[in-house]
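These notes concern the structure reproduced below.
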Amino acid sequence: QVQLVESGGGLVQAGGSLRLSCAASGITFRINAMGWYRQAPGNQQQLVAAVTDDGSTNYSDSVKGRFTISRDNAKNTMYLQMNSLQPEDTAIYYCYVQSRWSRNNYWGQGTQVTVSS
C-alpha cells in the first residue's frame, strides 16, 4: 500500500524559508512523476513543482526562482525547498506520486504552510 507522509509545514514570516519533506513507502511500480500541489481556501488545486522519472523539473511561474524540488532516492524522500515565502504561498501542500503504467496519482495527507505578512 502506497503511503506518502508530508512534514515540514508551519508558520513563517514573509521572506522566510521552509523545507517540506515527503517520505514514500509501499511503492512497487515505476514512477512517472512526483511533485507538489497546493490548495488555498477558496482556490483550485495548483501544481507547484514536479520532477519526472528522467529528472526533468517543472515549476509554477509563481514559484520559479524561489522553490526547488529534489529527491533522495536512497531515502525514498522528496523535498520542496521554499525560499522568499510570501503570504500568497499560504496553502495546504500535498505531495503526489504518479504511476508510469496506470497514470494514477497517489497523495499524501497534506501539510499546512502559513506565511504571515
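Numbering starts fresh at 1 for the residues of each chain in the C-alpha cells, the chains themselves are lettered A, B, ... in the order given, and ligands are numbered from 1 as they appear.
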
Q.
Could you pull out the strand (DSSP E) residues of chain A, going by DSSP on the backbone, and write them as a PyMOL selection string?
A. chain A and resi 3-7+10-13+18-25+31-39+46-52+57-59+67-72+77-82+91-99+105-107+111-116

Q | Contacts of Ala91 in chain A at 8 Å (only C-alpha atoms; same-chain gap of 2+ positions) as a ChimeraX atom specification | A | /A:38-41,89,93,112-114

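Closest approach to Ser102 in chain A from the set A:Asn83, A:Asn32, A:Ser7, A:Gln45 is made by A:Asn32, with distances taken over only C-alpha atoms.
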
Q) If we count only C-alpha atoms, what is near range 15-19 of chain A at a cut-off of 9 Å, once residues fewer than 6 positions away on the same chain are taken out, given as an MDAnalysis selection string? A) chainID A and resid 7:9 79:86 113 115 117

With all heavy atoms kept, could you save the residues just selected as a compact mmCIF listing (two decimals), in the first residue's frame?
```txt
# COMPACT_ATOMS: atom_id res chain seq x y z
N SER A 7 5.85 16.41 5.79
CA SER A 7 6.22 17.09 7.03
C SER A 7 6.96 18.37 6.66
O SER A 7 7.35 18.56 5.51
CB SER A 7 7.10 16.21 7.91
OG SER A 7 8.28 15.85 7.24
N GLY A 8 7.13 19.23 7.66
CA GLY A 8 7.91 20.44 7.44
C GLY A 8 7.10 21.71 7.30
O GLY A 8 7.67 22.81 7.21
N GLY A 9 5.79 21.59 7.27
CA GLY A 9 4.98 22.80 7.19
C GLY A 9 5.00 23.56 8.50
O GLY A 9 5.53 23.10 9.50
N TYR A 79 11.68 16.45 -1.55
CA TYR A 79 11.73 17.69 -0.79
C TYR A 79 11.23 18.86 -1.64
O TYR A 79 11.30 18.84 -2.87
CB TYR A 79 13.16 17.99 -0.35
CG TYR A 79 13.79 16.89 0.45
CD1 TYR A 79 14.63 15.96 -0.15
CD2 TYR A 79 13.54 16.76 1.82
CE1 TYR A 79 15.21 14.94 0.58
CE2 TYR A 79 14.12 15.75 2.56
CZ TYR A 79 14.95 14.83 1.93
OH TYR A 79 15.52 13.82 2.66
N LEU A 80 10.76 19.86 -0.94
CA LEU A 80 10.45 21.13 -1.58
C LEU A 80 11.04 22.23 -0.71
O LEU A 80 10.55 22.50 0.39
CB LEU A 80 8.94 21.34 -1.74
CG LEU A 80 8.54 22.60 -2.51
CD1 LEU A 80 8.96 22.49 -3.98
CD2 LEU A 80 7.03 22.87 -2.41
N GLN A 81 12.13 22.81 -1.19
CA GLN A 81 12.76 23.91 -0.50
C GLN A 81 12.07 25.19 -0.94
O GLN A 81 12.04 25.50 -2.14
CB GLN A 81 14.25 23.99 -0.82
CG GLN A 81 14.97 25.16 -0.18
CD GLN A 81 15.02 25.05 1.34
OE1 GLN A 81 15.28 23.99 1.89
NE2 GLN A 81 14.76 26.16 2.03
N MET A 82 11.52 25.92 0.01
CA MET A 82 10.75 27.12 -0.30
C MET A 82 11.43 28.33 0.35
O MET A 82 11.53 28.40 1.58
CB MET A 82 9.32 26.98 0.22
CG MET A 82 8.61 25.73 -0.27
SD MET A 82 6.87 25.66 0.21
CE MET A 82 7.02 25.54 1.99
N ASN A 83 11.92 29.22 -0.49
CA ASN A 83 12.60 30.42 -0.02
C ASN A 83 11.78 31.65 -0.41
O ASN A 83 10.90 31.59 -1.28
CB ASN A 83 13.99 30.52 -0.63
CG ASN A 83 14.88 29.37 -0.23
OD1 ASN A 83 14.76 28.81 0.87
ND2 ASN A 83 15.79 29.00 -1.11
N SER A 84 12.08 32.74 0.25
CA SER A 84 11.40 34.02 -0.03
C SER A 84 9.89 33.84 -0.02
O SER A 84 9.18 34.30 -0.92
CB SER A 84 11.86 34.57 -1.39
OG SER A 84 13.25 34.79 -1.41
N LEU A 85 9.40 33.20 0.99
CA LEU A 85 7.97 32.91 1.07
C LEU A 85 7.16 34.19 1.22
O LEU A 85 7.58 35.15 1.86
CB LEU A 85 7.69 31.97 2.25
CG LEU A 85 8.05 30.51 1.98
CD1 LEU A 85 8.19 29.74 3.28
CD2 LEU A 85 7.00 29.86 1.09
N GLN A 86 6.01 34.16 0.58
CA GLN A 86 5.10 35.30 0.59
C GLN A 86 3.73 34.86 1.12
O GLN A 86 3.40 33.67 1.06
CB GLN A 86 4.96 35.88 -0.82
CG GLN A 86 6.27 36.37 -1.40
CD GLN A 86 6.91 37.45 -0.56
OE1 GLN A 86 6.24 38.38 -0.07
NE2 GLN A 86 8.22 37.36 -0.36
N VAL A 113 1.07 25.25 5.26
CA VAL A 113 2.08 26.30 5.23
C VAL A 113 1.35 27.63 5.36
O VAL A 113 0.45 27.93 4.57
CB VAL A 113 2.90 26.26 3.93
CG1 VAL A 113 3.80 27.48 3.83
CG2 VAL A 113 3.72 24.98 3.87
N VAL A 115 2.11 31.77 5.77
CA VAL A 115 3.10 32.84 5.69
C VAL A 115 2.44 34.13 6.15
O VAL A 115 1.46 34.58 5.55
CB VAL A 115 3.65 32.99 4.27
CG1 VAL A 115 4.76 34.04 4.24
CG2 VAL A 115 4.16 31.66 3.74
N SER A 117 2.39 38.22 6.98
CA SER A 117 2.97 39.44 6.39
C SER A 117 3.59 40.33 7.45
O SER A 117 3.45 40.11 8.64
CB SER A 117 1.89 40.20 5.63
OG SER A 117 0.82 40.52 6.50
```

Q: May I have the residues within 12 Å of range 20-25 of chain A as a PyMOL selection string, using only C-alpha atoms and disregarding those fewer than 2 positions away in the same chain?
A: chain A and resi 1-10+17-18+27-29+31+34-37+67-83+92-97+106-113

With N, CA and C atoms kept, could you save the residues just selected as a short mmCIF file (atom, residue, chain, number, x, y, z; two decimals), in the first residue's frame?
```cif
data_model
loop_
_atom_site.label_atom_id
_atom_site.label_comp_id
_atom_site.auth_asym_id
_atom_site.auth_seq_id
_atom_site.Cartn_x
_atom_site.Cartn_y
_atom_site.Cartn_z
N GLN A 1 0.84 -1.19 0.00
CA GLN A 1 0.00 0.00 0.00
C GLN A 1 0.88 1.24 0.00
N VAL A 2 0.61 2.12 -0.94
CA VAL A 2 1.40 3.34 -1.06
C VAL A 2 1.07 4.29 0.09
N GLN A 3 2.10 4.81 0.69
CA GLN A 3 1.91 5.79 1.75
C GLN A 3 2.88 6.94 1.53
N LEU A 4 2.33 8.16 1.54
CA LEU A 4 3.13 9.36 1.42
C LEU A 4 2.88 10.21 2.66
N VAL A 5 3.94 10.59 3.32
CA VAL A 5 3.80 11.35 4.56
C VAL A 5 4.57 12.65 4.43
N GLU A 6 3.85 13.77 4.45
CA GLU A 6 4.48 15.08 4.37
C GLU A 6 4.84 15.59 5.76
N SER A 7 5.85 16.41 5.79
CA SER A 7 6.22 17.09 7.03
C SER A 7 6.96 18.37 6.66
N GLY A 8 7.13 19.23 7.66
CA GLY A 8 7.91 20.44 7.44
C GLY A 8 7.10 21.71 7.30
N GLY A 9 5.79 21.59 7.27
CA GLY A 9 4.98 22.80 7.19
C GLY A 9 5.00 23.56 8.50
N GLY A 10 4.42 24.76 8.46
CA GLY A 10 4.37 25.56 9.67
C GLY A 10 4.07 27.00 9.36
N SER A 17 11.89 30.92 5.05
CA SER A 17 12.04 29.67 4.29
C SER A 17 11.47 28.49 5.06
N LEU A 18 11.05 27.50 4.32
CA LEU A 18 10.65 26.21 4.87
C LEU A 18 11.09 25.13 3.92
N ILE A 27 5.83 1.73 -2.51
CA ILE A 27 5.77 1.94 -3.96
C ILE A 27 6.43 0.77 -4.65
N THR A 28 5.62 0.06 -5.43
CA THR A 28 6.11 -1.13 -6.12
C THR A 28 6.09 -0.95 -7.63
N PHE A 29 5.75 0.23 -8.08
CA PHE A 29 5.64 0.49 -9.50
C PHE A 29 6.69 1.51 -9.91
N ILE A 31 7.81 4.99 -11.25
CA ILE A 31 7.21 6.32 -11.10
C ILE A 31 7.37 7.11 -12.39
N MET A 34 6.63 12.85 -9.85
CA MET A 34 6.26 13.13 -8.47
C MET A 34 6.42 14.61 -8.23
N GLY A 35 5.67 15.11 -7.28
CA GLY A 35 5.75 16.55 -7.07
C GLY A 35 4.86 17.03 -5.96
N TRP A 36 4.57 18.33 -6.05
CA TRP A 36 3.79 19.01 -5.02
C TRP A 36 2.69 19.84 -5.64
N TYR A 37 1.52 19.75 -5.06
CA TYR A 37 0.41 20.63 -5.34
C TYR A 37 0.13 21.43 -4.07
N PHE A 67 11.39 28.32 -5.22
CA PHE A 67 11.21 26.96 -4.74
C PHE A 67 12.09 26.01 -5.53
N THR A 68 12.55 24.96 -4.87
CA THR A 68 13.35 23.94 -5.52
C THR A 68 12.86 22.56 -5.10
N ILE A 69 12.56 21.73 -6.08
CA ILE A 69 12.16 20.36 -5.80
C ILE A 69 13.36 19.44 -5.96
N SER A 70 13.45 18.46 -5.08
CA SER A 70 14.54 17.50 -5.17
C SER A 70 14.08 16.17 -4.61
N ARG A 71 14.85 15.14 -4.87
CA ARG A 71 14.50 13.82 -4.37
C ARG A 71 15.76 13.09 -3.94
N ASP A 72 15.63 12.29 -2.91
CA ASP A 72 16.70 11.43 -2.42
C ASP A 72 16.20 10.00 -2.58
N ASN A 73 16.63 9.36 -3.66
CA ASN A 73 16.12 8.01 -3.94
C ASN A 73 16.51 7.01 -2.86
N ALA A 74 17.66 7.20 -2.27
CA ALA A 74 18.12 6.26 -1.24
C ALA A 74 17.20 6.31 -0.01
N LYS A 75 16.64 7.48 0.25
CA LYS A 75 15.75 7.64 1.40
C LYS A 75 14.28 7.59 1.01
N ASN A 76 14.01 7.41 -0.29
CA ASN A 76 12.61 7.44 -0.78
C ASN A 76 11.89 8.69 -0.29
N THR A 77 12.57 9.80 -0.39
CA THR A 77 12.03 11.05 0.12
C THR A 77 12.18 12.15 -0.93
N MET A 78 11.16 12.97 -1.01
CA MET A 78 11.17 14.12 -1.91
C MET A 78 11.09 15.38 -1.05
N TYR A 79 11.68 16.45 -1.55
CA TYR A 79 11.73 17.69 -0.79
C TYR A 79 11.23 18.86 -1.64
N LEU A 80 10.76 19.86 -0.94
CA LEU A 80 10.45 21.13 -1.58
C LEU A 80 11.04 22.23 -0.71
N GLN A 81 12.13 22.81 -1.19
CA GLN A 81 12.76 23.91 -0.50
C GLN A 81 12.07 25.19 -0.94
N MET A 82 11.52 25.92 0.01
CA MET A 82 10.75 27.12 -0.30
C MET A 82 11.43 28.33 0.35
N ASN A 83 11.92 29.22 -0.49
CA ASN A 83 12.60 30.42 -0.02
C ASN A 83 11.78 31.65 -0.41
N ILE A 92 -2.42 24.54 1.87
CA ILE A 92 -2.07 23.17 2.24
C ILE A 92 -1.28 22.58 1.07
N TYR A 93 -0.14 22.02 1.36
CA TYR A 93 0.73 21.46 0.34
C TYR A 93 0.63 19.93 0.38
N TYR A 94 0.40 19.36 -0.78
CA TYR A 94 0.24 17.92 -0.92
C TYR A 94 1.32 17.37 -1.84
N CYS A 95 1.95 16.28 -1.45
CA CYS A 95 2.85 15.63 -2.38
C CYS A 95 2.09 14.50 -3.08
N TYR A 96 2.59 14.16 -4.25
CA TYR A 96 1.95 13.09 -5.02
C TYR A 96 3.02 12.31 -5.77
N VAL A 97 2.63 11.09 -6.12
CA VAL A 97 3.45 10.22 -6.95
C VAL A 97 2.54 9.67 -8.04
N TYR A 106 -1.08 9.13 -6.43
CA TYR A 106 -1.20 8.78 -5.02
C TYR A 106 -0.80 10.02 -4.21
N TRP A 107 -1.57 10.29 -3.16
CA TRP A 107 -1.44 11.56 -2.45
C TRP A 107 -1.08 11.39 -0.99
N GLY A 108 -0.36 12.38 -0.48
CA GLY A 108 -0.15 12.48 0.94
C GLY A 108 -1.33 13.18 1.59
N GLN A 109 -1.24 13.34 2.90
CA GLN A 109 -2.36 13.91 3.66
C GLN A 109 -2.33 15.43 3.68
N GLY A 110 -1.23 16.01 3.28
CA GLY A 110 -1.12 17.46 3.23
C GLY A 110 -0.45 18.03 4.46
N THR A 111 0.22 19.15 4.25
CA THR A 111 0.84 19.87 5.36
C THR A 111 0.57 21.36 5.17
N GLN A 112 0.20 22.02 6.24
CA GLN A 112 -0.19 23.42 6.17
C GLN A 112 1.04 24.31 6.18
N VAL A 113 1.07 25.25 5.26
CA VAL A 113 2.08 26.30 5.23
C VAL A 113 1.35 27.63 5.36
#
```

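Residues within 10 Å of Ala33 in chain A, counting only C-alpha atoms and excluding same-chain residues fewer than 4 positions away, are Ala50, Val51, Thr52, Asp53, Asp54, Gly55, Ser56, Thr57, Tyr96, Val97, Gln98, Ser99, Arg100, Arg103 and Asn105 of chain A.
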
May I have the residues from that selection written out with N, CA, C and O atoms, as a PDB file, in the first residue's frame?
```pdb
ATOM      1  N   ALA A  50       7.163  19.741  -9.989  1.00  0.00           N
ATOM      2  CA  ALA A  50       7.159  18.311 -10.260  1.00  0.00           C
ATOM      3  C   ALA A  50       8.504  17.911 -10.836  1.00  0.00           C
ATOM      4  O   ALA A  50       9.209  18.729 -11.445  1.00  0.00           O
ATOM      5  N   VAL A  51       8.844  16.650 -10.648  1.00  0.00           N
ATOM      6  CA  VAL A  51      10.057  16.098 -11.233  1.00  0.00           C
ATOM      7  C   VAL A  51       9.683  14.763 -11.867  1.00  0.00           C
ATOM      8  O   VAL A  51       8.974  13.946 -11.276  1.00  0.00           O
ATOM      9  N   THR A  52      10.104  14.564 -13.113  1.00  0.00           N
ATOM     10  CA  THR A  52       9.781  13.340 -13.823  1.00  0.00           C
ATOM     11  C   THR A  52      10.842  12.272 -13.570  1.00  0.00           C
ATOM     12  O   THR A  52      11.874  12.521 -12.945  1.00  0.00           O
ATOM     13  N   ASP A  53      10.556  11.095 -14.092  1.00  0.00           N
ATOM     14  CA  ASP A  53      11.453   9.968 -13.872  1.00  0.00           C
ATOM     15  C   ASP A  53      12.840  10.224 -14.449  1.00  0.00           C
ATOM     16  O   ASP A  53      13.828   9.708 -13.935  1.00  0.00           O
ATOM     17  N   ASP A  54      12.919  11.034 -15.502  1.00  0.00           N
ATOM     18  CA  ASP A  54      14.222  11.316 -16.100  1.00  0.00           C
ATOM     19  C   ASP A  54      14.908  12.512 -15.458  1.00  0.00           C
ATOM     20  O   ASP A  54      15.963  12.949 -15.917  1.00  0.00           O
ATOM     21  N   GLY A  55      14.294  13.066 -14.399  1.00  0.00           N
ATOM     22  CA  GLY A  55      14.929  14.158 -13.677  1.00  0.00           C
ATOM     23  C   GLY A  55      14.521  15.548 -14.111  1.00  0.00           C
ATOM     24  O   GLY A  55      14.955  16.542 -13.517  1.00  0.00           O
ATOM     25  N   SER A  56      13.695  15.650 -15.121  1.00  0.00           N
ATOM     26  CA  SER A  56      13.222  16.957 -15.573  1.00  0.00           C
ATOM     27  C   SER A  56      12.313  17.576 -14.516  1.00  0.00           C
ATOM     28  O   SER A  56      11.501  16.880 -13.910  1.00  0.00           O
ATOM     29  N   THR A  57      12.454  18.868 -14.327  1.00  0.00           N
ATOM     30  CA  THR A  57      11.641  19.571 -13.330  1.00  0.00           C
ATOM     31  C   THR A  57      10.735  20.593 -13.996  1.00  0.00           C
ATOM     32  O   THR A  57      11.036  21.115 -15.072  1.00  0.00           O
ATOM     33  N   TYR A  96       2.586  14.158  -4.255  1.00  0.00           N
ATOM     34  CA  TYR A  96       1.953  13.086  -5.022  1.00  0.00           C
ATOM     35  C   TYR A  96       3.017  12.305  -5.768  1.00  0.00           C
ATOM     36  O   TYR A  96       4.113  12.796  -6.028  1.00  0.00           O
ATOM     37  N   VAL A  97       2.630  11.094  -6.116  1.00  0.00           N
ATOM     38  CA  VAL A  97       3.452  10.221  -6.951  1.00  0.00           C
ATOM     39  C   VAL A  97       2.542   9.667  -8.038  1.00  0.00           C
ATOM     40  O   VAL A  97       1.413   9.246  -7.743  1.00  0.00           O
ATOM     41  N   GLN A  98       3.004   9.684  -9.257  1.00  0.00           N
ATOM     42  CA  GLN A  98       2.207   9.169 -10.373  1.00  0.00           C
ATOM     43  C   GLN A  98       2.834   7.905 -10.930  1.00  0.00           C
ATOM     44  O   GLN A  98       4.033   7.865 -11.242  1.00  0.00           O
ATOM     45  N   SER A  99       1.993   6.896 -11.071  1.00  0.00           N
ATOM     46  CA  SER A  99       2.448   5.632 -11.642  1.00  0.00           C
ATOM     47  C   SER A  99       2.692   5.776 -13.146  1.00  0.00           C
ATOM     48  O   SER A  99       1.871   6.361 -13.858  1.00  0.00           O
ATOM     49  N   ARG A 100       3.815   5.238 -13.613  1.00  0.00           N
ATOM     50  CA  ARG A 100       4.120   5.295 -15.037  1.00  0.00           C
ATOM     51  C   ARG A 100       3.125   4.472 -15.844  1.00  0.00           C
ATOM     52  O   ARG A 100       2.712   4.881 -16.917  1.00  0.00           O
ATOM     53  N   ARG A 103      -0.853   5.788 -14.642  1.00  0.00           N
ATOM     54  CA  ARG A 103      -1.008   7.238 -14.526  1.00  0.00           C
ATOM     55  C   ARG A 103      -1.871   7.633 -13.325  1.00  0.00           C
ATOM     56  O   ARG A 103      -2.306   8.782 -13.235  1.00  0.00           O
ATOM     57  N   ASN A 105      -2.531   8.849  -9.612  1.00  0.00           N
ATOM     58  CA  ASN A 105      -1.801   9.662  -8.641  1.00  0.00           C
ATOM     59  C   ASN A 105      -2.086   9.172  -7.230  1.00  0.00           C
ATOM     60  O   ASN A 105      -3.238   8.871  -6.890  1.00  0.00           O
TER      61      ASN A 105
END
```

Q) Got a sec to tell me which of chain A DSSP assigns to helix (DSSP H, G or I), as a count of residues only? A) 6

Q. Quick one: distance from CA of Asn43 in chain A to CA of Gln13 in chain A in Å, one decimal?
A.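 It comes out at 21.7 Å.
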